[in-house]
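What follows is a set of notes on a single structure, which appears directly below.
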Amino acid sequence: MNADNHFDIVVLGAGPAGAAAAKRAADLGLSVALIDRAVFPRHKLCGALISPRALAAILDVHGVSLPDEACLTSRRVAFKWQGEVLREIDAPYPLTYTTRLDLDHWLQRSAIAAGAANLEGTRVSEFREVENALVLEDGRRLTYGVLIGADGAASPVAKHLFGRAFDPDRIAFAFETEVPDACAPDALMSIDFRIVRWGYGWNFPKRATRTIGLGGIKSVDQDLKALMTAYLVQEGVDPAAVTIKGAHLPGGDYRAKPGRGNVLLAGDAAGFVDAITGEGIALAIESGALAAEAAAEAIRAGAPSKAYRAYFARVKPIQSELDRVRRIRGIVYAEAFETHFKSRLKTSDWVASSFFDVLAGRMTYAEVEKRFAQKAFASAIKGLKVWPAKRRRRA
Ligand SMILES: Cc1cc2nc3c(=O)[nH]c(=O)nc-3n(C[C@H](O)[C@H](O)[C@H](O)COP(=O)(O)OP(=O)(O)OC[C@H]3O[C@@H](n4cnc5c(N)ncnc54)[C@H](O)[C@@H]3O)c2cc1C
């Protein structure tokens, strides 16, 4: 830590978003402190399916690819519906699975190696926004040009700014367990689209375990814990033999204003999670890096308080995409659409390829929406033998 405890940027939270913010800030030549209450390596509840989009973000920010020995890759995917296997397919690219214990430690080390001061194992006890300062629980006072809250779904920085992080009724809640079961490199993953309503269940292969979990919107009337027990039985696991943990997943309710002045929110703290796929790692890394770039721009212009404006302009496209996710989710999960959705999952190559293209970052939800509208239009006109104008003429 420097002598006067001042940093251009202080990042709270050293998960994927915080590590990306700290790495990018250090690469841009800024002084940066990376704080986390945990000492790494630490556990984090997560399926840890690392999408191609997330892999690309890791390469972009950290300059290297995830080490192979930390990952299991497989193309094999099953789509299920309350236990019924609808189809088994090969993904168009290998899917990468890891553990957050390994991934987050590796990302945090990358930021520290780039020059970020490592302040792990400590919490913030006080925010002093007027002084551009925060006080750690051991009494140290840090001052900053810009503060980046990358402190997860229960973000203390968001609470400080807005009174609370999220309305728990509007975001998802997930249960998950690690089943000791070493998996072969080409092991099958499955997603069950109807084990819960407004969400899904996952069974992901790992090198030493299988990660089985489900997530859904809490306010939809359903007992997620009971459904998790039933899901484990369905997947051949004795619920009494494993430890089930739960956590919020802020998909579906991003922060319209992810910050204020010289305080920015990134990753889960800003609600940047895809509410259909449940994926948050890619957006965490992308938004963390964008927050550091916006902070650098404002600091260099001598106006750290303009960091939020610079950041908002950068994350607006993420928010527009998340709006589309919400709209599409409303259709996909609507009860009236259920039978259609099930049959499309079973037979439609377009639905499967869209799922993988979105995960890869090759297709935006704007494009999904457009293709969706074209398909709906095509099927609506399919039954028409003649155009209405001709019909009128005949009459
Ligand atoms: C069950 C589950 C399964 C998921 N599966 C996937 C998946 O397969 N693929 C995917 O892409 N996404 C998945 N997600 C989403 C993904 O985990 C998150 O979107 C991602 O972790 C967000 O990264 P982050 O850096 O913003 O936050 P986090 O990873 O939550 O990091 C926040 C950090 O802040 C620290 N912190 C919090 N409070 C304080 C404090 N007071 N003081 C100091 N430090 C603090 C924490 O210790 C933590 O290290 C899943 C989420 C859940 C809950």
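Each chain in the structure tokens gets a letter, A, B, ..., in the order shown, and its residues are numbered from 1; ligands are numbered from 1 in order too.
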Inset, instruction - Select from stretch 38-110 of chain A everything DSSP, run on the backbone, classes as strand (DSSP E), then give the selection as a ChimeraX atom specification. - result: /A:49-50,72-81,84-97
Restricted to N, CA and C atoms, what would the selected residues look like written as an mmCIF file, in the first residue's frame?
```cif
data_model
loop_
_atom_site.group_PDB
_atom_site.id
_atom_site.type_symbol
_atom_site.label_atom_id
_atom_site.label_comp_id
_atom_site.auth_asym_id
_atom_site.auth_seq_id
_atom_site.Cartn_x
_atom_site.Cartn_y
_atom_site.Cartn_z
ATOM 1 N N LEU A 49 -19.906 -22.725 -15.534
ATOM 2 C CA LEU A 49 -19.828 -22.956 -16.978
ATOM 3 C C LEU A 49 -19.265 -21.656 -17.555
ATOM 4 N N ILE A 50 -18.099 -21.741 -18.131
ATOM 5 C CA ILE A 50 -17.436 -20.533 -18.636
ATOM 6 C C ILE A 50 -17.714 -20.460 -20.131
ATOM 7 N N LEU A 72 -12.635 -28.710 -17.435
ATOM 8 C CA LEU A 72 -13.109 -29.892 -18.161
ATOM 9 C C LEU A 72 -13.868 -29.354 -19.369
ATOM 10 N N THR A 73 -13.645 -29.933 -20.534
ATOM 11 C CA THR A 73 -14.412 -29.472 -21.693
ATOM 12 C C THR A 73 -15.180 -30.638 -22.308
ATOM 13 N N SER A 74 -16.373 -30.337 -22.783
ATOM 14 C CA SER A 74 -17.211 -31.346 -23.423
ATOM 15 C C SER A 74 -18.243 -30.642 -24.301
ATOM 16 N N ARG A 75 -18.612 -31.310 -25.380
ATOM 17 C CA ARG A 75 -19.655 -30.746 -26.261
ATOM 18 C C ARG A 75 -21.028 -31.316 -25.959
ATOM 19 N N ARG A 76 -21.078 -32.374 -25.158
ATOM 20 C CA ARG A 76 -22.332 -33.128 -25.058
ATOM 21 C C ARG A 76 -23.356 -32.449 -24.150
ATOM 22 N N VAL A 77 -24.543 -32.253 -24.691
ATOM 23 C CA VAL A 77 -25.603 -31.511 -24.000
ATOM 24 C C VAL A 77 -26.921 -32.263 -24.121
ATOM 25 N N ALA A 78 -27.671 -32.324 -23.008
ATOM 26 C CA ALA A 78 -29.044 -32.860 -23.069
ATOM 27 C C ALA A 78 -30.009 -31.767 -22.629
ATOM 28 N N PHE A 79 -31.087 -31.573 -23.392
ATOM 29 C CA PHE A 79 -32.176 -30.691 -22.978
ATOM 30 C C PHE A 79 -33.247 -31.571 -22.345
ATOM 31 N N LYS A 80 -33.666 -31.223 -21.138
ATOM 32 C CA LYS A 80 -34.677 -32.028 -20.442
ATOM 33 C C LYS A 80 -35.906 -31.186 -20.105
ATOM 34 N N TRP A 81 -36.988 -31.912 -19.771
ATOM 35 C CA TRP A 81 -38.257 -31.274 -19.386
ATOM 36 C C TRP A 81 -38.832 -32.126 -18.256
ATOM 37 N N GLU A 84 -37.707 -35.678 -18.427
ATOM 38 C CA GLU A 84 -37.806 -36.309 -19.760
ATOM 39 C C GLU A 84 -36.709 -35.729 -20.661
ATOM 40 N N VAL A 85 -35.909 -36.594 -21.268
ATOM 41 C CA VAL A 85 -34.865 -36.090 -22.162
ATOM 42 C C VAL A 85 -35.516 -35.723 -23.496
ATOM 43 N N LEU A 86 -35.482 -34.433 -23.828
ATOM 44 C CA LEU A 86 -36.099 -33.984 -25.082
ATOM 45 C C LEU A 86 -35.171 -34.260 -26.263
ATOM 46 N N ARG A 87 -33.890 -34.000 -26.047
ATOM 47 C CA ARG A 87 -32.918 -34.301 -27.108
ATOM 48 C C ARG A 87 -31.504 -34.266 -26.536
ATOM 49 N N GLU A 88 -30.625 -34.990 -27.176
ATOM 50 C CA GLU A 88 -29.198 -34.912 -26.852
ATOM 51 C C GLU A 88 -28.486 -34.415 -28.090
ATOM 52 N N ILE A 89 -27.666 -33.396 -27.911
ATOM 53 C CA ILE A 89 -26.982 -32.824 -29.078
ATOM 54 C C ILE A 89 -25.523 -32.532 -28.732
ATOM 55 N N ASP A 90 -24.752 -32.291 -29.764
ATOM 56 C CA ASP A 90 -23.389 -31.813 -29.572
ATOM 57 C C ASP A 90 -23.401 -30.302 -29.756
ATOM 58 N N ALA A 91 -22.845 -29.590 -28.772
ATOM 59 C CA ALA A 91 -22.719 -28.135 -28.919
ATOM 60 C C ALA A 91 -21.774 -27.855 -30.083
ATOM 61 N N PRO A 92 -21.940 -26.690 -30.741
ATOM 62 C CA PRO A 92 -21.080 -26.386 -31.897
ATOM 63 C C PRO A 92 -19.634 -26.099 -31.502
ATOM 64 N N TYR A 93 -19.362 -26.037 -30.209
ATOM 65 C CA TYR A 93 -17.997 -25.794 -29.713
ATOM 66 C C TYR A 93 -17.890 -26.477 -28.347
ATOM 67 N N PRO A 94 -16.665 -26.746 -27.875
ATOM 68 C CA PRO A 94 -16.537 -27.387 -26.567
ATOM 69 C C PRO A 94 -16.974 -26.420 -25.460
ATOM 70 N N LEU A 95 -17.753 -26.928 -24.523
ATOM 71 C CA LEU A 95 -18.166 -26.112 -23.375
ATOM 72 C C LEU A 95 -17.137 -26.300 -22.259
ATOM 73 N N THR A 96 -16.828 -25.212 -21.563
ATOM 74 C CA THR A 96 -15.767 -25.233 -20.552
ATOM 75 C C THR A 96 -16.368 -25.135 -19.153
ATOM 76 N N TYR A 97 -15.979 -26.074 -18.297
ATOM 77 C CA TYR A 97 -16.454 -26.084 -16.903
ATOM 78 C C TYR A 97 -15.243 -26.016 -15.985
#
```
Legend entry - Exercise: A:Gly259 partners within 8 Å, only C-alpha atoms, chain neighbours under 2 positions left out, as JSON, numbers by chain: {"A": [158, 161, 257, 261, 262, 263, 264, 265, 308]}
So that I have them on file, write out the residues from the current selection with C-alpha atoms, as a compact mmCIF listing (two decimals), in the first residue's frame.
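result_27.txt, written as the output of this step:
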```
# COMPACT_ATOMS: atom_id res chain seq x y z
CA ALA A 158 -25.03 -0.48 -3.79
CA LEU A 161 -25.65 4.36 -2.58
CA LYS A 257 -28.28 3.66 -12.56
CA GLY A 261 -20.50 10.44 -9.43
CA ASN A 262 -17.19 8.70 -8.79
CA VAL A 263 -18.74 5.46 -7.50
CA LEU A 264 -19.46 2.72 -10.07
CA LEU A 265 -21.11 -0.70 -9.80
CA TYR A 308 -20.32 7.61 -13.78
```
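Comparing the minimum interatomic distances between A:Ala294 and each of A:Val146, A:Val242, A:Met363, A:Ala26, counting only C-alpha atoms, we find that A:Val146 sits nearest.
Secondary structure from DSSP on the backbone puts helix (DSSP H, G or I) at the following positions of stretch 68-175 of chain A: Asp68, Glu69, Ala70, Arg100, Leu101, Asp102, Leu103, Asp104, His105, Trp106, Leu107, Gln108, Arg109, Ser110, Ala111, Ile112, Ala113, Glu129, Val130, Glu131, Pro156, Val157, Ala158, Lys159, His160, Leu161 and Phe162 of chain A.
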For the residues in that selection, give me N, CA and C atoms as a short mmCIF file (atom, residue, chain, number, x, y, z; two decimals), in the first residue's frame.
```cif
data_model
loop_
_atom_site.label_atom_id
_atom_site.label_comp_id
_atom_site.auth_asym_id
_atom_site.auth_seq_id
_atom_site.Cartn_x
_atom_site.Cartn_y
_atom_site.Cartn_z
N ASP A 68 -5.60 -25.14 -19.04
CA ASP A 68 -6.37 -26.36 -19.34
C ASP A 68 -6.58 -27.23 -18.11
N GLU A 69 -5.56 -27.27 -17.23
CA GLU A 69 -5.66 -28.20 -16.10
C GLU A 69 -6.74 -27.79 -15.09
N ALA A 70 -7.25 -26.55 -15.22
CA ALA A 70 -8.31 -26.13 -14.30
C ALA A 70 -9.70 -26.42 -14.87
N ARG A 100 -15.10 -22.17 -9.22
CA ARG A 100 -14.83 -20.77 -8.89
C ARG A 100 -13.66 -20.65 -7.92
N LEU A 101 -13.41 -21.71 -7.17
CA LEU A 101 -12.24 -21.73 -6.30
C LEU A 101 -10.99 -21.47 -7.15
N ASP A 102 -10.88 -22.19 -8.26
CA ASP A 102 -9.71 -22.05 -9.14
C ASP A 102 -9.78 -20.77 -9.97
N LEU A 103 -10.94 -20.57 -10.62
CA LEU A 103 -11.05 -19.44 -11.56
C LEU A 103 -10.78 -18.11 -10.86
N ASP A 104 -11.48 -17.86 -9.74
CA ASP A 104 -11.39 -16.54 -9.12
C ASP A 104 -10.01 -16.28 -8.52
N HIS A 105 -9.38 -17.35 -8.02
CA HIS A 105 -8.03 -17.19 -7.49
C HIS A 105 -7.08 -16.79 -8.60
N TRP A 106 -7.23 -17.46 -9.73
CA TRP A 106 -6.38 -17.21 -10.89
C TRP A 106 -6.57 -15.76 -11.40
N LEU A 107 -7.83 -15.31 -11.45
CA LEU A 107 -8.11 -13.95 -11.92
C LEU A 107 -7.58 -12.91 -10.93
N GLN A 108 -7.79 -13.17 -9.62
CA GLN A 108 -7.31 -12.22 -8.61
C GLN A 108 -5.78 -12.12 -8.67
N ARG A 109 -5.10 -13.27 -8.82
CA ARG A 109 -3.62 -13.27 -8.91
C ARG A 109 -3.16 -12.49 -10.14
N SER A 110 -3.91 -12.60 -11.22
CA SER A 110 -3.56 -11.88 -12.44
C SER A 110 -3.60 -10.36 -12.21
N ALA A 111 -4.61 -9.90 -11.48
CA ALA A 111 -4.72 -8.46 -11.19
C ALA A 111 -3.58 -8.01 -10.28
N ILE A 112 -3.25 -8.84 -9.30
CA ILE A 112 -2.18 -8.48 -8.36
C ILE A 112 -0.83 -8.47 -9.08
N ALA A 113 -0.64 -9.45 -9.96
CA ALA A 113 0.63 -9.51 -10.72
C ALA A 113 0.78 -8.26 -11.60
N GLU A 129 -18.23 8.93 1.69
CA GLU A 129 -18.29 9.36 0.29
C GLU A 129 -17.83 10.81 0.12
N VAL A 130 -18.21 11.67 1.07
CA VAL A 130 -17.87 13.09 0.95
C VAL A 130 -16.36 13.27 0.96
N GLU A 131 -15.68 12.42 1.71
CA GLU A 131 -14.20 12.51 1.79
C GLU A 131 -13.53 11.66 0.70
N PRO A 156 -22.47 -4.20 -0.72
CA PRO A 156 -22.48 -3.13 0.29
C PRO A 156 -22.37 -1.74 -0.35
N VAL A 157 -21.68 -1.65 -1.51
CA VAL A 157 -21.57 -0.33 -2.15
C VAL A 157 -22.94 0.11 -2.68
N ALA A 158 -23.68 -0.83 -3.31
CA ALA A 158 -25.03 -0.48 -3.79
C ALA A 158 -25.93 -0.11 -2.62
N LYS A 159 -25.79 -0.83 -1.52
CA LYS A 159 -26.59 -0.52 -0.31
C LYS A 159 -26.26 0.89 0.18
N HIS A 160 -24.98 1.21 0.17
CA HIS A 160 -24.57 2.55 0.61
C HIS A 160 -25.18 3.61 -0.31
N LEU A 161 -25.16 3.36 -1.62
CA LEU A 161 -25.65 4.36 -2.58
C LEU A 161 -27.17 4.47 -2.58
N PHE A 162 -27.84 3.30 -2.53
CA PHE A 162 -29.29 3.30 -2.81
C PHE A 162 -30.15 2.71 -1.70
#
```
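When only C-alpha atoms and all ligand atoms are used to compute distances to ligand 1, the closest of the residues A:Ser219, A:Gln82, A:Ser31, A:Ser287 turns out to be A:Ser287.
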Inset, instruction - Tell me which protein, DNA and RNA residues are within 10 Å of A:Ala298, counting only C-alpha atoms, leaving out same-chain ones fewer than 3 positions away, and put them as a ChimeraX atom specification. - result: /A:145-146,262,292-295,301-311
Could you save the residues just selected, with C-alpha atoms, as a PDB file, in the first residue's frame?
```
ATOM      1  CA  GLY A 145     -10.363   8.969  -7.101  1.00  0.00           C
ATOM      2  CA  VAL A 146     -13.001   6.421  -8.114  1.00  0.00           C
ATOM      3  CA  ASN A 262     -17.193   8.698  -8.791  1.00  0.00           C
ATOM      4  CA  ALA A 292     -11.866   0.850 -15.012  1.00  0.00           C
ATOM      5  CA  GLU A 293     -11.723   2.466 -18.468  1.00  0.00           C
ATOM      6  CA  ALA A 294     -14.407   5.010 -17.563  1.00  0.00           C
ATOM      7  CA  ALA A 295     -12.628   5.753 -14.279  1.00  0.00           C
ATOM      8  CA  ALA A 301      -9.544  14.588 -17.387  1.00  0.00           C
ATOM      9  CA  GLY A 302      -9.114  15.733 -13.775  1.00  0.00           C
ATOM     10  CA  ALA A 303     -12.800  15.082 -13.070  1.00  0.00           C
ATOM     11  CA  PRO A 304     -13.274  11.746 -11.229  1.00  0.00           C
ATOM     12  CA  SER A 305     -16.871  12.729 -10.466  1.00  0.00           C
ATOM     13  CA  LYS A 306     -17.615  12.371 -14.200  1.00  0.00           C
ATOM     14  CA  ALA A 307     -16.675   8.678 -14.071  1.00  0.00           C
ATOM     15  CA  TYR A 308     -20.322   7.609 -13.777  1.00  0.00           C
ATOM     16  CA  ARG A 309     -21.310   9.488 -16.917  1.00  0.00           C
ATOM     17  CA  ALA A 310     -18.458   7.862 -18.858  1.00  0.00           C
ATOM     18  CA  TYR A 311     -19.364   4.436 -17.449  1.00  0.00           C
TER      19      TYR A 311
END
```
Inset, instruction - Compare A:Leu214, A:Ala256, A:Leu322, A:Ala22 by their minimum atom-to-atom distance to ligand 1, counting only C-alpha atoms and all ligand atoms, and give me the closest one. - result: A:Leu214
Inset, instruction - Name the residues in contact with A:Thr364 at a cut-off of 10 Å, using only C-alpha atoms, excluding same-chain residues fewer than 5 positions from it; report them as a ChimeraX atom specification. - result: /A:321,324-325,354,357-359,369-370
Inset, instruction - Write out as a PyMOL selection string which residues come within 7 Å of stretch 271-275 of chain A when counting only C-alpha atoms, dropping same-chain ones fewer than 4 positions away. - result: chain A and resi 250-255+267+279-280+283-284+322+325-326
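For the set A:Val32, A:Ala360, A:Ala133, A:Ala20, the residue with the smallest atom-to-atom gap to A:Asp60 is A:Ala20, counting only C-alpha atoms.
One distance worth recording is that between atom CA of A:Ser125 and atom 15 (C, counted along the ligand's line) of ligand 1, which is 26.1 Å.
Proximity of A:Asp27, A:Glu137, A:Glu176, A:Asp8 to ligand 1, computed with only C-alpha atoms and all ligand atoms, is greatest for A:Glu176.
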Inset, instruction - Compile the contact shell of stretch 331-342 of chain A as a list of chain:residue names: residues with an atom at most 10 Å away, counting only C-alpha atoms, same-chain residues fewer than 3 positions apart removed. - result: A:Phe79, A:Lys80, A:Trp81, A:Leu86, A:Phe193, A:Arg194, A:Arg197, A:Trp198, A:Gly199, A:Ile276, A:Arg326, A:Arg327, A:Ile328, A:Leu345, A:Lys346, A:Thr347, A:Ser348, A:Val351
Legend entry - Polymer residues at most 12 Å from A:Lys225, only C-alpha atoms, same-chain spacing of 2 or more positions, as a VMD selection string: chain A and resid 173 to 177 195 to 196 213 to 216 218 222 to 223 227 to 232 239 244 to 247
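With only C-alpha atoms and all ligand atoms as the basis for measurement, A:Val39 is the residue among A:Val39, A:Val233, A:Val220, A:Ile58 that approaches ligand 1 most closely.
The space between atom CA of A:Gly330 and atom CA of A:Arg53 spans 24.0 Å.
Straight-line separation from atom CA of A:Val11 to atom CA of A:Pro317: 22.9 Å.
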